Each structure stands twice: as structure tokens, then as C-alpha cells.
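Below is the file my_file.cif, which contains mmCIF, C-alpha atoms and all ligand atoms.
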data_run
#
loop_
_atom_site.label_atom_id
_atom_site.label_comp_id
_atom_site.auth_asym_id
_atom_site.auth_seq_id
_atom_site.Cartn_x
_atom_site.Cartn_y
_atom_site.Cartn_z
CA MET A 1 132.90 137.87 -50.20
CA LYS A 2 130.47 135.00 -50.71
CA THR A 3 128.87 135.10 -54.16
CA GLU A 4 125.13 135.13 -54.14
CA LEU A 5 123.22 131.97 -54.96
CA LYS A 6 119.61 131.86 -56.11
CA VAL A 7 117.25 128.99 -56.87
CA VAL A 8 114.66 129.88 -59.49
CA LYS A 9 111.43 127.98 -60.02
CA PHE A 10 109.28 128.60 -63.10
CA GLY A 11 105.60 127.67 -63.07
CA GLY A 12 103.77 126.00 -65.94
CA SER A 13 102.32 129.21 -67.35
CA SER A 14 105.89 130.59 -67.53
CA LEU A 15 107.03 127.58 -69.58
CA ALA A 16 103.96 126.91 -71.70
CA ASP A 17 105.68 127.38 -75.07
CA ALA A 18 108.98 128.36 -76.72
CA GLU A 19 108.30 132.06 -76.33
CA HIS A 20 107.96 131.63 -72.58
CA PHE A 21 111.08 129.46 -72.46
CA ARG A 22 113.01 132.29 -74.10
CA ARG A 23 111.70 134.77 -71.57
CA ALA A 24 112.59 132.45 -68.68
CA ALA A 25 116.08 131.84 -70.06
CA GLU A 26 116.63 135.57 -70.43
CA ILE A 27 115.70 136.06 -66.79
CA ILE A 28 118.02 133.23 -65.69
CA ARG A 29 120.96 134.47 -67.78
CA SER A 30 120.57 138.05 -66.64
CA ASP A 31 121.79 137.13 -63.15
CA PRO A 32 124.75 134.74 -62.68
CA ALA A 33 123.48 133.95 -59.17
CA ARG A 34 120.54 132.05 -60.72
CA ARG A 35 122.34 128.73 -60.79
CA TYR A 36 119.67 126.14 -60.00
CA VAL A 37 116.48 126.01 -62.01
CA VAL A 38 113.31 124.08 -61.14
CA PRO A 39 110.76 123.88 -63.98
CA SER A 40 107.09 122.84 -63.95
CA ALA A 41 105.43 121.06 -66.85
CA PRO A 42 104.08 123.26 -69.68
CA GLY A 43 100.89 125.01 -68.58
CA LYS A 44 98.08 126.57 -70.60
CA ARG A 45 99.10 128.70 -73.59
CA SER A 46 95.70 130.41 -73.64
CA SER A 47 92.53 130.21 -71.57
CA GLY A 48 91.01 127.37 -73.61
CA ASP A 49 94.22 125.31 -73.58
CA GLU A 50 95.08 122.35 -71.35
CA LYS A 51 97.97 121.84 -68.93
CA VAL A 52 100.32 119.02 -69.90
CA THR A 53 99.94 117.49 -66.42
CA ASP A 54 96.18 117.21 -66.95
CA LEU A 55 96.76 115.63 -70.37
CA LEU A 56 99.16 113.12 -68.83
CA TYR A 57 96.66 112.09 -66.16
CA ALA A 58 93.91 111.70 -68.77
CA CYS A 59 96.17 109.71 -71.07
CA TYR A 60 97.25 107.40 -68.28
CA ASP A 61 93.66 106.85 -67.15
CA ALA A 62 92.66 106.02 -70.72
CA ALA A 63 95.53 103.51 -70.92
CA SER A 64 94.49 101.87 -67.68
CA HIS A 65 90.96 101.46 -69.03
CA GLY A 66 92.45 99.60 -71.96
CA GLU A 67 91.73 102.38 -74.49
CA ASN A 68 93.96 103.12 -77.44
CA ILE A 69 96.08 106.09 -76.34
CA ASN A 70 97.92 106.83 -79.60
CA LEU A 71 96.13 110.09 -80.35
CA ARG A 72 96.27 111.38 -76.80
CA PHE A 73 99.91 110.43 -76.48
CA GLU A 74 100.92 112.09 -79.75
CA HIS A 75 99.11 115.25 -78.67
CA ILE A 76 101.30 115.39 -75.53
CA ALA A 77 104.53 114.51 -77.35
CA ASN A 78 103.76 117.22 -79.91
CA ARG A 79 103.66 119.87 -77.18
CA PHE A 80 107.29 119.04 -76.37
CA ARG A 81 108.33 118.55 -79.99
CA GLY A 82 106.91 121.99 -80.76
CA ILE A 83 108.92 123.66 -77.99
CA ILE A 84 112.15 121.88 -79.04
CA GLU A 85 111.66 122.86 -82.66
CA ASP A 86 110.70 126.48 -81.97
CA LEU A 87 113.73 126.89 -79.76
CA GLY A 88 115.92 125.53 -82.54
CA LEU A 89 117.33 122.76 -80.31
CA THR A 90 118.89 119.63 -81.73
CA ILE A 91 118.02 117.28 -78.83
CA SER A 92 115.55 114.48 -79.36
CA LEU A 93 113.19 113.13 -76.70
CA GLU A 94 111.83 110.35 -78.92
CA ASP A 95 113.44 107.60 -76.82
CA ASP A 96 111.84 109.07 -73.70
CA PHE A 97 108.46 109.20 -75.44
CA GLU A 98 108.77 105.52 -76.35
CA THR A 99 109.73 104.55 -72.79
CA MET A 100 106.78 106.54 -71.49
CA ARG A 101 104.30 105.06 -73.93
CA ARG A 102 105.34 101.55 -72.90
CA ALA A 103 105.23 102.42 -69.21
CA PHE A 104 101.72 103.83 -69.64
CA MET A 105 100.59 100.58 -71.26
CA HIS A 106 102.20 98.59 -68.44
CA LYS A 107 100.49 100.64 -65.76
CA ALA A 108 103.61 102.25 -64.30
CA GLY A 109 101.46 104.40 -62.02
CA ARG A 110 99.55 107.69 -62.21
CA ASP A 111 102.31 109.54 -60.39
CA TYR A 112 104.90 108.29 -62.85
CA ALA A 113 102.70 109.52 -65.70
CA ALA A 114 102.15 112.96 -64.17
CA SER A 115 105.83 113.40 -63.37
CA ARG A 116 106.84 113.13 -67.02
CA GLY A 117 105.72 116.69 -67.77
CA GLU A 118 108.31 118.14 -65.42
CA TYR A 119 110.93 115.57 -66.45
CA LEU A 120 110.65 116.40 -70.16
CA ASN A 121 110.46 120.14 -69.59
CA GLY A 122 113.57 119.84 -67.41
CA ARG A 123 115.42 118.04 -70.18
CA ILE A 124 114.52 120.80 -72.64
CA MET A 125 115.41 123.57 -70.21
CA SER A 126 118.79 122.03 -69.42
CA ALA A 127 119.62 121.72 -73.12
CA TYR A 128 118.47 125.26 -73.85
CA LEU A 129 120.43 126.82 -70.99
CA GLY A 130 123.43 124.54 -71.24
CA TYR A 131 122.95 123.63 -67.56
CA ASP A 132 123.42 120.07 -66.19
CA PHE A 133 120.34 117.92 -65.71
CA ILE A 134 119.71 116.29 -62.32
CA ASP A 135 116.79 113.88 -62.33
CA ALA A 136 114.60 114.55 -59.28
CA ALA A 137 114.14 110.76 -59.00
CA ASP A 138 117.78 110.50 -57.87
CA VAL A 139 117.73 113.27 -55.27
CA ILE A 140 114.21 113.76 -53.88
CA PHE A 141 112.94 110.97 -51.66
CA PHE A 142 109.71 109.86 -50.05
CA LYS A 143 109.34 107.41 -47.17
CA ASP A 144 107.39 104.13 -47.27
CA ASP A 145 104.33 105.87 -45.83
CA GLY A 146 104.38 108.37 -48.72
CA THR A 147 105.56 111.35 -46.69
CA PHE A 148 108.51 113.41 -47.88
CA ASP A 149 111.89 112.27 -46.51
CA SER A 150 113.38 115.68 -45.82
CA GLU A 151 116.63 114.65 -44.16
CA ARG A 152 117.71 111.99 -46.66
CA THR A 153 116.81 114.36 -49.49
CA ASN A 154 118.68 117.24 -47.96
CA ASP A 155 121.84 115.12 -47.56
CA VAL A 156 121.82 113.54 -51.01
CA LEU A 157 120.61 116.61 -52.91
CA GLY A 158 122.96 118.94 -51.03
CA GLN A 159 125.90 116.71 -51.94
CA LYS A 160 124.79 116.41 -55.56
CA LEU A 161 124.39 120.15 -56.04
CA LYS A 162 127.94 120.70 -54.87
CA GLU A 163 129.06 118.67 -57.88
CA HIS A 164 127.13 120.86 -60.33
CA GLU A 165 127.83 124.54 -60.73
CA ARG A 166 124.57 125.09 -62.67
CA ALA A 167 121.75 122.59 -62.98
CA VAL A 168 118.10 122.01 -63.83
CA ILE A 169 116.12 119.84 -61.40
CA PRO A 170 112.55 119.05 -62.51
CA GLY A 171 109.82 119.89 -60.03
CA PHE A 172 106.88 117.93 -58.63
CA TYR A 173 108.29 114.39 -58.14
CA GLY A 174 110.78 112.17 -56.40
CA SER A 175 111.16 108.48 -55.70
CA MET A 176 109.82 105.99 -53.19
CA PRO A 177 112.05 103.48 -51.37
CA ASN A 178 110.98 100.83 -53.92
CA ASP A 179 112.15 103.09 -56.77
CA THR A 180 108.70 103.91 -58.12
CA LEU A 181 108.01 107.58 -58.70
CA LYS A 182 105.77 109.71 -56.53
CA THR A 183 104.56 113.27 -56.97
CA PHE A 184 103.72 115.93 -54.44
CA SER A 185 100.15 117.22 -54.56
CA ARG A 186 99.13 119.45 -57.47
CA GLY A 187 101.24 122.57 -57.83
CA GLY A 188 104.05 120.72 -56.04
CA SER A 189 106.95 122.08 -58.11
CA ASP A 190 106.88 124.98 -55.67
CA ILE A 191 107.83 122.48 -52.97
CA THR A 192 110.71 121.10 -55.05
CA GLY A 193 112.03 124.65 -55.51
CA SER A 194 111.98 125.14 -51.77
CA ILE A 195 113.70 121.80 -51.13
CA VAL A 196 116.48 122.70 -53.59
CA ALA A 197 116.81 126.13 -51.99
CA ARG A 198 117.32 124.55 -48.58
CA ALA A 199 119.73 121.90 -49.85
CA CYS A 200 122.10 124.40 -51.47
CA GLU A 201 121.61 126.97 -48.70
CA CYS A 202 120.92 129.68 -51.23
CA ASP A 203 120.39 133.35 -50.44
CA LEU A 204 117.05 133.64 -52.20
CA TYR A 205 114.40 131.34 -53.64
CA GLU A 206 112.74 133.08 -56.58
CA ASN A 207 109.40 131.66 -57.57
CA TRP A 208 108.50 132.91 -61.06
CA THR A 209 104.85 132.81 -62.00
CA ASP A 210 102.32 134.80 -64.02
CA VAL A 211 101.30 137.34 -61.37
CA SER A 212 103.32 139.92 -59.47
CA GLY A 213 102.98 138.20 -56.11
CA PHE A 214 100.22 137.98 -53.54
CA MET A 215 97.39 140.46 -53.37
CA MET A 216 95.86 141.63 -50.11
CA ALA A 217 92.62 139.89 -51.09
CA ASP A 218 91.36 137.62 -53.85
CA PRO A 219 90.92 139.84 -56.94
CA ARG A 220 87.89 137.74 -57.97
CA ILE A 221 86.14 139.04 -54.86
CA VAL A 222 87.71 142.42 -54.08
CA LYS A 223 88.28 144.78 -57.02
CA ASP A 224 91.92 145.76 -57.66
CA PRO A 225 93.37 144.76 -54.30
CA LEU A 226 96.79 146.16 -53.42
CA PRO A 227 99.80 143.85 -53.75
CA ILE A 228 101.51 142.49 -50.64
CA ASP A 229 105.13 143.69 -50.63
CA VAL A 230 106.31 141.75 -47.61
CA VAL A 231 104.73 138.84 -45.76
CA THR A 232 106.21 136.56 -43.09
CA TYR A 233 106.18 132.76 -43.38
CA ARG A 234 103.67 132.53 -40.54
CA GLU A 235 101.31 135.05 -42.07
CA LEU A 236 101.54 133.31 -45.39
CA ARG A 237 100.71 129.96 -43.81
CA GLU A 238 97.49 131.47 -42.48
CA LEU A 239 96.67 133.14 -45.78
CA SER A 240 97.44 130.23 -48.06
CA TYR A 241 95.71 127.72 -45.84
CA MET A 242 92.62 129.88 -46.17
CA GLY A 243 92.74 129.93 -49.92
CA ALA A 244 95.29 132.51 -51.10
CA GLY A 245 96.77 130.69 -54.12
CA VAL A 246 99.98 131.63 -55.96
CA LEU A 247 102.28 129.38 -53.92
CA HIS A 248 101.76 125.77 -52.76
CA GLU A 249 101.11 126.02 -49.04
CA GLU A 250 103.62 123.29 -48.16
CA SER A 251 106.47 124.99 -49.97
CA ILE A 252 107.10 127.26 -47.03
CA PHE A 253 108.46 124.50 -44.76
CA PRO A 254 111.89 123.63 -46.26
CA VAL A 255 112.99 127.27 -46.66
CA ARG A 256 111.47 128.31 -43.36
CA PHE A 257 113.66 125.70 -41.71
CA ALA A 258 116.72 127.41 -43.19
CA GLY A 259 115.42 130.99 -42.96
CA ILE A 260 115.72 131.55 -46.73
CA PRO A 261 113.48 134.28 -48.17
CA ILE A 262 111.14 133.57 -51.09
CA ASN A 263 110.47 136.18 -53.74
CA ILE A 264 107.36 135.70 -55.88
CA LYS A 265 108.12 137.23 -59.27
CA ASN A 266 106.23 137.76 -62.52
CA THR A 267 107.80 136.31 -65.69
CA ASN A 268 105.77 138.75 -67.76
CA ASP A 269 106.92 141.74 -65.71
CA PRO A 270 110.38 140.84 -64.37
CA SER A 271 111.15 144.28 -63.01
CA ALA A 272 108.11 144.31 -60.68
CA LYS A 273 109.40 143.60 -57.18
CA GLY A 274 106.72 141.03 -56.41
CA THR A 275 106.07 139.70 -52.91
CA MET A 276 108.93 139.00 -50.53
CA ILE A 277 108.30 136.22 -47.99
CA LEU A 278 110.58 136.60 -44.97
CA PRO A 279 111.16 134.81 -41.66
CA GLU A 280 110.39 138.02 -39.74
CA ALA A 281 109.53 141.56 -40.74
CA PRO A 282 108.52 144.79 -39.04
CA ALA A 283 104.84 145.67 -39.29
CA ASP A 284 103.80 147.27 -42.55
CA ARG A 285 101.99 150.55 -43.10
CA SER A 286 98.72 148.69 -42.74
CA VAL A 287 97.61 146.78 -39.63
CA ILE A 288 96.63 143.84 -41.77
CA THR A 289 98.71 142.06 -44.37
CA GLY A 290 95.92 140.28 -46.17
CA ILE A 291 92.49 138.70 -46.04
CA ALA A 292 91.65 135.22 -47.31
CA GLY A 293 88.71 132.93 -46.95
CA LYS A 294 86.92 129.80 -48.04
CA LYS A 295 83.39 128.52 -48.27
CA GLY A 296 82.23 125.00 -47.55
CA PHE A 297 82.44 124.49 -43.80
CA SER A 298 80.06 122.86 -41.33
CA VAL A 299 79.68 123.21 -37.57
CA ILE A 300 78.95 120.26 -35.35
CA THR A 301 77.49 121.63 -32.11
CA VAL A 302 76.97 119.61 -28.97
CA ASP A 303 75.08 121.04 -25.96
CA LYS A 304 74.98 119.51 -22.52
CA ASP A 305 74.21 121.05 -19.16
CA LEU A 306 77.23 121.09 -16.82
CA MET A 307 79.54 120.05 -19.64
CA ASN A 308 82.30 122.05 -17.98
CA THR A 309 82.35 119.63 -15.03
CA GLU A 310 82.77 116.53 -17.19
CA VAL A 311 86.42 115.59 -17.42
CA GLY A 312 87.39 114.30 -20.87
CA PHE A 313 84.30 115.60 -22.70
CA GLY A 314 86.34 117.36 -25.41
CA ARG A 315 88.62 114.40 -25.90
CA ARG A 316 85.69 112.03 -26.34
CA MET A 317 84.03 114.35 -28.84
CA LEU A 318 87.22 114.64 -30.87
CA SER A 319 87.92 110.91 -30.67
CA VAL A 320 84.91 110.35 -32.93
CA LEU A 321 86.48 112.55 -35.59
CA GLU A 322 89.84 110.92 -35.09
CA ARG A 323 88.36 107.48 -35.70
CA GLU A 324 86.82 108.80 -38.91
CA LYS A 325 90.20 110.33 -39.84
CA ILE A 326 88.64 113.79 -40.03
CA ASN A 327 90.75 116.78 -39.11
CA PHE A 328 89.04 119.81 -37.69
CA GLU A 329 89.58 123.50 -38.32
CA HIS A 330 88.40 125.26 -35.18
CA LEU A 331 86.97 124.41 -31.83
CA PRO A 332 84.93 127.25 -30.38
CA SER A 333 83.30 126.43 -27.06
CA GLY A 334 81.09 127.82 -24.30
CA ILE A 335 80.39 126.64 -20.76
CA ASP A 336 77.82 124.04 -21.78
CA THR A 337 78.44 123.87 -25.49
CA MET A 338 81.21 122.74 -27.75
CA SER A 339 81.43 123.13 -31.52
CA VAL A 340 83.80 121.67 -34.04
CA ILE A 341 84.22 123.23 -37.45
CA VAL A 342 85.09 120.87 -40.29
CA ALA A 343 85.07 121.01 -44.07
CA THR A 344 81.59 119.98 -45.25
CA SER A 345 83.11 117.66 -47.87
CA VAL A 346 84.58 115.36 -45.21
CA LEU A 347 81.13 114.71 -43.74
CA GLU A 348 79.82 113.26 -46.97
CA GLY A 349 78.17 109.90 -46.38
CA ARG A 350 78.94 109.74 -42.68
CA ARG A 351 76.86 112.42 -40.97
CA GLU A 352 74.51 109.91 -39.33
CA ARG A 353 77.35 107.76 -38.09
CA ILE A 354 79.21 110.70 -36.57
CA MET A 355 76.07 111.99 -34.84
CA ASP A 356 75.24 108.50 -33.53
CA GLU A 357 78.74 107.93 -32.22
CA MET A 358 78.79 111.32 -30.51
CA CYS A 359 75.41 110.62 -28.93
CA ASP A 360 76.66 107.30 -27.57
CA LEU A 361 79.90 108.68 -26.20
CA LEU A 362 78.70 112.05 -24.90
CA ASN A 363 75.06 111.57 -24.02
CA PRO A 364 74.38 115.22 -24.96
CA ASP A 365 71.18 117.26 -24.54
CA SER A 366 71.33 118.13 -28.23
CA ILE A 367 73.58 117.71 -31.20
CA GLN A 368 73.30 119.27 -34.62
CA ILE A 369 75.25 119.91 -37.80
CA ASP A 370 74.86 123.26 -39.61
CA ASP A 371 76.27 123.70 -43.10
CA ASN A 372 76.98 126.66 -45.39
CA MET A 373 79.58 128.37 -43.27
CA ALA A 374 82.38 130.43 -44.78
CA LEU A 375 85.56 131.26 -42.91
CA ILE A 376 87.48 134.48 -43.34
CA ALA A 377 91.00 134.99 -41.97
CA VAL A 378 92.12 138.55 -41.38
CA VAL A 379 95.90 138.23 -41.09
CA GLY A 380 98.53 140.74 -40.04
CA ARG A 381 101.68 140.87 -37.94
CA GLY A 382 100.75 144.51 -37.28
CA MET A 383 97.72 143.48 -35.18
CA LYS A 384 99.78 142.74 -32.14
CA LYS A 385 100.44 146.36 -31.41
CA ALA A 386 97.18 147.75 -32.69
CA PRO A 387 94.41 147.80 -30.08
CA GLY A 388 90.96 147.88 -31.61
CA THR A 389 91.73 145.71 -34.63
CA ALA A 390 89.08 143.14 -33.73
CA ALA A 391 86.58 145.93 -33.11
CA ARG A 392 87.28 147.31 -36.58
CA VAL A 393 86.75 143.90 -38.17
CA PHE A 394 83.44 143.41 -36.36
CA LYS A 395 82.29 146.95 -37.08
CA ALA A 396 83.05 146.55 -40.78
CA VAL A 397 81.16 143.29 -41.03
CA GLY A 398 78.27 144.54 -38.91
CA SER A 399 77.90 147.71 -40.92
CA VAL A 400 76.97 145.70 -44.02
CA GLY A 401 74.46 143.65 -42.06
CA VAL A 402 76.50 140.45 -41.87
CA ASN A 403 76.01 138.25 -38.84
CA ILE A 404 79.09 136.58 -37.32
CA ARG A 405 78.56 132.93 -36.36
CA MET A 406 82.01 132.24 -34.95
CA ILE A 407 85.10 134.17 -33.87
CA ASP A 408 88.57 132.79 -33.25
CA GLN A 409 91.77 134.61 -32.53
CA GLY A 410 95.00 132.72 -32.03
CA SER A 411 96.99 133.78 -28.99
CA SER A 412 99.84 134.80 -31.31
CA GLU A 413 97.57 137.70 -32.33
CA LEU A 414 98.46 137.16 -35.94
CA ASN A 415 94.97 136.55 -37.22
CA ILE A 416 91.30 136.89 -36.54
CA ILE A 417 89.07 134.21 -38.00
CA LEU A 418 85.38 134.81 -38.61
CA GLY A 419 82.72 132.24 -39.42
CA ILE A 420 79.81 133.69 -41.40
CA GLU A 421 77.03 132.49 -43.68
CA GLU A 422 78.32 131.54 -47.14
CA LYS A 423 75.91 133.95 -48.77
CA ASP A 424 77.58 136.85 -46.94
CA PHE A 425 81.13 135.87 -47.93
CA GLU A 426 81.80 138.40 -50.70
CA LYS A 427 80.07 141.22 -48.83
CA ALA A 428 82.10 140.61 -45.67
CA MET A 429 85.43 140.34 -47.51
CA ASN A 430 84.83 143.66 -49.23
CA ALA A 431 83.74 145.35 -46.03
CA ILE A 432 86.86 144.26 -44.15
CA TYR A 433 89.11 145.23 -47.04
CA SER A 434 87.57 148.68 -47.23
CA GLU A 435 87.88 149.21 -43.51
CA PHE A 436 91.60 148.47 -43.40
CA VAL A 437 92.89 149.32 -46.83
CA ARG A 438 90.70 151.68 -48.79
CA ASP A 439 89.79 153.89 -45.88
CA ASN A 440 93.40 153.86 -44.71
CA SER A 441 94.68 155.37 -47.92
CA LYS A 442 92.23 158.26 -47.83
N1 LIG A 501 102.62 120.28 -63.09
C1 LIG A 501 102.13 120.02 -61.78
C2 LIG A 501 100.70 120.50 -61.68
O1 LIG A 501 100.11 120.93 -62.65
C3 LIG A 501 102.99 120.57 -60.71
C4 LIG A 501 103.29 122.05 -60.79
O2 LIG A 501 103.06 122.67 -61.81
O3 LIG A 501 103.76 122.58 -59.80
O4 LIG A 501 100.12 120.42 -60.63
#
Take the structure in this file and express it as C-alpha cells.
Amino acid sequence: MKTELKVVKFGGSSLADAEHFRRAAEIIRSDPARRYVVPSAPGKRSSGDEKVTDLLYACYDAASHGENINLRFEHIANRFRGIIEDLGLTISLEDDFETMRRAFMHKAGRDYAASRGEYLNGRIMSAYLGYDFIDAADVIFFKDDGTFDSERTNDVLGQKLKEHERAVIPGFYGSMPNDTLKTFSRGGSDITGSIVARACECDLYENWTDVSGFMMADPRIVKDPLPIDVVTYRELRELSYMGAGVLHEESIFPVRFAGIPINIKNTNDPSAKGTMILPEAPADRSVITGIAGKKGFSVITVDKDLMNTEVGFGRRMLSVLEREKINFEHLPSGIDTMSVIVATSVLEGRRERIMDEMCDLLNPDSIQIDDNMALIAVVGRGMKKAPGTAARVFKAVGSVGVNIRMIDQGSSELNIILGIEEKDFEKAMNAIYSEFVRDNSK
């Protein structure tokens, strides 16, 4: 029988100090299948504290402005020295600190600076566990254009892991073809965990954090939402794109490719089952799996009589956004009207230009940009077989007096997206949640 293999990733809050390291190590040692460990940099120890990654960015920026960084640098080094000492380890990272300090002064790059949090934490974790250390710089690769080189990484990393029974691979960074270091976007250790999971073809990717998985709605908006037990990759894509945090949205891709499940687990409550993310799953007790949403969208609306007879109208409208390198979210349209929904932030400083270009290319009857739109995604694999789901969403929102500005449902029937006024966001989220979850449990 094949022995089970698990990749475990620990987030910064799970490795913020020696006490958390001990807890993480206990979790790792309690299951021999947990053979590959991906750590983040130390996170906040308390609410007023700072994440090491933020300190590294600030220190590097100070160095590049020619400031004296001694104090800042010592503050960072002391975080690691403190963990080493409290764990009773005999390793020393002083040589690494010296190399880093010099590299900061010589402008080795912001990504290099940020990556050192994971690197140093990885060194400590490997010493504490007695696992081998594999530097992510040697096994995770980016291409010249800065995108992740998945195939080269999978070959080299897969081969390397075969040579190490148990190893620690720091999260968040890899190397460019010219050997400089590059990081993923913030929270990117989740992606590294997923890449390692794919490369060793493990049975399960456990992502250990400080919450027991995903909730059906954002707890800052909906009081005490229920946890999500099971979610599919596709549902999670919809939910995390629309703001459900917990896991970096890009970390789904490598494991999805290999069909490996992800289990979100809580370091502070290891026995809680957390959220299981699976390639496919039967519909749950509830029609919807979760609700997520974001504020800060704008709608560009173009009206023109007989638009439907003009071949290429949509392409011309979108070509303006393409030239501006703006990606769009949704494209609701009517017979003589077409709207594009974009994040308001991307319009900054170029509204006039976009309007002018659209006027030139489209010769419309009217064109306008409306701001302050919020989008809500109601997501659930159970919708497919549940007639009346959309009606329930609209009824819930209508019953609290919220006007819907836009509706979009993908043909996969996995989600219903609503565009509403930002001021109605919280009210609408609560109304939808109550309709599907609270009232369901009565
Ligand atoms: N330490 C990095 C960050 O704070 C990456 C991570 O924790 O995943 O974004």
C-alpha cells in the first residue's frame, strides 16, 4: 500500500514566535505523512505587532533612500534571534544577517529583501524539526517576463524532493533566469505550498493558518457565519476572487492541475476539520456554498441606437480598455446599450482619455461612468439543480429595499453576481445570507 504523503504550509501567524513554532512542530510530528513543510515569515504576535515581511520592505526602502538602517535591521534580526533562543537551538544565522545587510546596502532588490523572512524562518524550522533545507531559489523558477515557470519548476522540484525524505522549503519566492530573486504577490507562500504539493504528487495539501477554514460569508459583515466544510476549486475561485481571504487565490492552480485536495486547518485548534477544497463534490445541504463581495467598482455605459446592427461594436469598445491595459470584470449588455464593469481604482487619472477614445471609436449617443458599485457573488454548486435560486436572491435583496443595478449569471450556473450601490453592501449580504442559511436551519 502506498504510504500517505502530505505537504504542510504554515502561515505567518502560525510561526510568529517560538511558542507557535512548537505548536507547528507538534502538528508536523504527530503525522509521519507530513514530510514537506513550507513556512511563511513570522507574522504578528499580537494585534499591535508588525509582520517581518513588512519590516523587511520598510528596511529595504530606508536603505535605498540612503538612510542608516542599523536599528531597523537589528529589530528584524532580533525577531529571529529570539525564536532561535527560545527554542533552545544552537544554530546561528549571523552570517546570513551580515550577507543580508550588505545586500540591502547594495540594492539587491525589494523582492530579495522580502524573501529573507521566509528563508530565515525556513532555516530555523529545518533545524528545529531535523528536516533537510531546500532553498526555494534552487527549485522555484520564474520566466523572463516575471510569470511563474510551472513546468521547469515541476521538473526540478519534483526531482529534488525525491532526494529528500523530509524537507523544509521556504514559501513566497523563487529565482529569475538571471539568478535574482523574485517573490509571488503578498500571501504567496500559499502558492509555494501548492507548487510543492503538485511536484511531489502528495495526497493532501494542508494549509495551516489561524482560522478554521472558510466561512460562508465575511464575519466582519455577517455575524457568526457558518463554516464551509467542503468547497470545490471552481467555487473557491469565484469566492476568493470576490474577496474571501484565507488562501491566496492563485494557490488553487498547481494542485487543481493534479487534482490534489487542500485542507485549510487551524494551528490553534488542530482537531477542527477545517475546510476541504476538492476537485468535485456533491451538493451540500445548502443550495449555496458561500457569499463574497467587494466594493469599489465603476460602470462605463455606452448607449447607441441600433448598436445591435453594428458589427465589431463590442470589440472596439473593449479595445480602448485593452490599450490602457485595463481588465474588465463583467460585460452586461442590452440591445442598444453596452456596459463594462471595472475596478474604480484602474480609472484613476484616465477617465477623460477613456471617454474620449470611446467617443472617437464608437460615436455613441451617450457615454457615462458611474462609480460606487459593489459586487456580490452568491456561489454554490448546488444551484444547478435548484430552480428558483435566483428568485430567492432577488427576493432577499428586494425585501430589504436594495436596488439591483446589474445581474450576471455564468452559464455554468455556479454563481449569481449582483451589482448594487456600495451603501447597500452590508444590508444585501446579510439579507442573502439569512435567506439561504439562517432560514434554512429553522
Ligand atoms: N510573508 C509574505 C507576506 O507577508 C508571504 C506569505 O506570508 O505568504 O505576504
Could the residues of chain A that have an atom at most 6 Å from ligand LIG 501 (chain A) be listed as a Markdown table, each with its closest atom pair and the distance in Å to one decimal, counting only C-alpha atoms and all ligand atoms and ordered by chain and ascending residue number?
| residue | atom | partner | partner_atom | distance |
| --- | --- | --- | --- | --- |
| A:Gly11 | CA | A:LIG501 | O2 | 5.7 |
| A:Gly12 | CA | A:LIG501 | O2 | 5.4 |
| A:Ser40 | CA | A:LIG501 | O2 | 4.6 |
| A:Ala41 | CA | A:LIG501 | N1 | 4.8 |
| A:Thr53 | CA | A:LIG501 | N1 | 5.1 |
| A:Phe172 | CA | A:LIG501 | C3 | 5.1 |
| A:Arg186 | CA | A:LIG501 | O4 | 3.5 |
| A:Gly187 | CA | A:LIG501 | O3 | 3.2 |
| A:Gly188 | CA | A:LIG501 | O3 | 4.2 |
| A:Ser189 | CA | A:LIG501 | O3 | 3.6 |
| A:Asp190 | CA | A:LIG501 | O3 | 5.7 |
At a cut-off of 10 Å, using all atoms listed in the file, what residues contact Arg256 (chain A)? Leave out same-chain residues fewer than 2 positions from it and give the result as a list in words. Ser194, Arg198, Thr232, Tyr233, Arg234, Ser251, Ile252, Phe253, Pro254, Ala258, Gly259, Ile260, Pro261, Ile262, Ile277, Leu278 and Pro279 of chain A
Please produce a file of the residues just selected, as a PDB file, keeping the file's coordinate frame, where the atoms kept are C-alpha atoms.
ATOM      1  CA  SER A 194     111.980 125.140 -51.770  1.00  0.00           C
ATOM      2  CA  ARG A 198     117.320 124.550 -48.580  1.00  0.00           C
ATOM      3  CA  THR A 232     106.210 136.560 -43.090  1.00  0.00           C
ATOM      4  CA  TYR A 233     106.180 132.760 -43.380  1.00  0.00           C
ATOM      5  CA  ARG A 234     103.670 132.530 -40.540  1.00  0.00           C
ATOM      6  CA  SER A 251     106.470 124.990 -49.970  1.00  0.00           C
ATOM      7  CA  ILE A 252     107.100 127.260 -47.030  1.00  0.00           C
ATOM      8  CA  PHE A 253     108.460 124.500 -44.760  1.00  0.00           C
ATOM      9  CA  PRO A 254     111.890 123.630 -46.260  1.00  0.00           C
ATOM     10  CA  ALA A 258     116.720 127.410 -43.190  1.00  0.00           C
ATOM     11  CA  GLY A 259     115.420 130.990 -42.960  1.00  0.00           C
ATOM     12  CA  ILE A 260     115.720 131.550 -46.730  1.00  0.00           C
ATOM     13  CA  PRO A 261     113.480 134.280 -48.170  1.00  0.00           C
ATOM     14  CA  ILE A 262     111.140 133.570 -51.090  1.00  0.00           C
ATOM     15  CA  ILE A 277     108.300 136.220 -47.990  1.00  0.00           C
ATOM     16  CA  LEU A 278     110.580 136.600 -44.970  1.00  0.00           C
ATOM     17  CA  PRO A 279     111.160 134.810 -41.660  1.00  0.00           C
TER      18      PRO A 279
END
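One finds CA of Leu414 (chain A) at 13.8 Å from CA of Gly388 (chain A).
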Find the residue from A:Glu352, A:Glu4, A:Asp135, A:Glu74 that sits nearest to Val38 (chain A); use only C-alpha atoms when measuring. A:Asp135
Excluding same-chain residues fewer than 5 positions from Phe214 (chain A), what lies within 7 Å of it counting all atoms listed in the file, as a list in words? Pro227, Ile228, Val246 and Thr275 of chain A
For Ile367 (chain A), list every protein, DNA or RNA residue within 8 Å, evaluated using only C-alpha atoms, and leave out those in the same chain fewer than 4 positions away; present the list as a PyMOL selection string. chain A and resi 300-303+355+359
For region 118-132 of chain A: contacts at 8 Å, all atoms listed in the file, fewer than 3 positions along chain excluded, given as a PyMOL selection string: chain A and resi 21+25+38-42+80+84+87+89+91+93+115+135+164+166-172
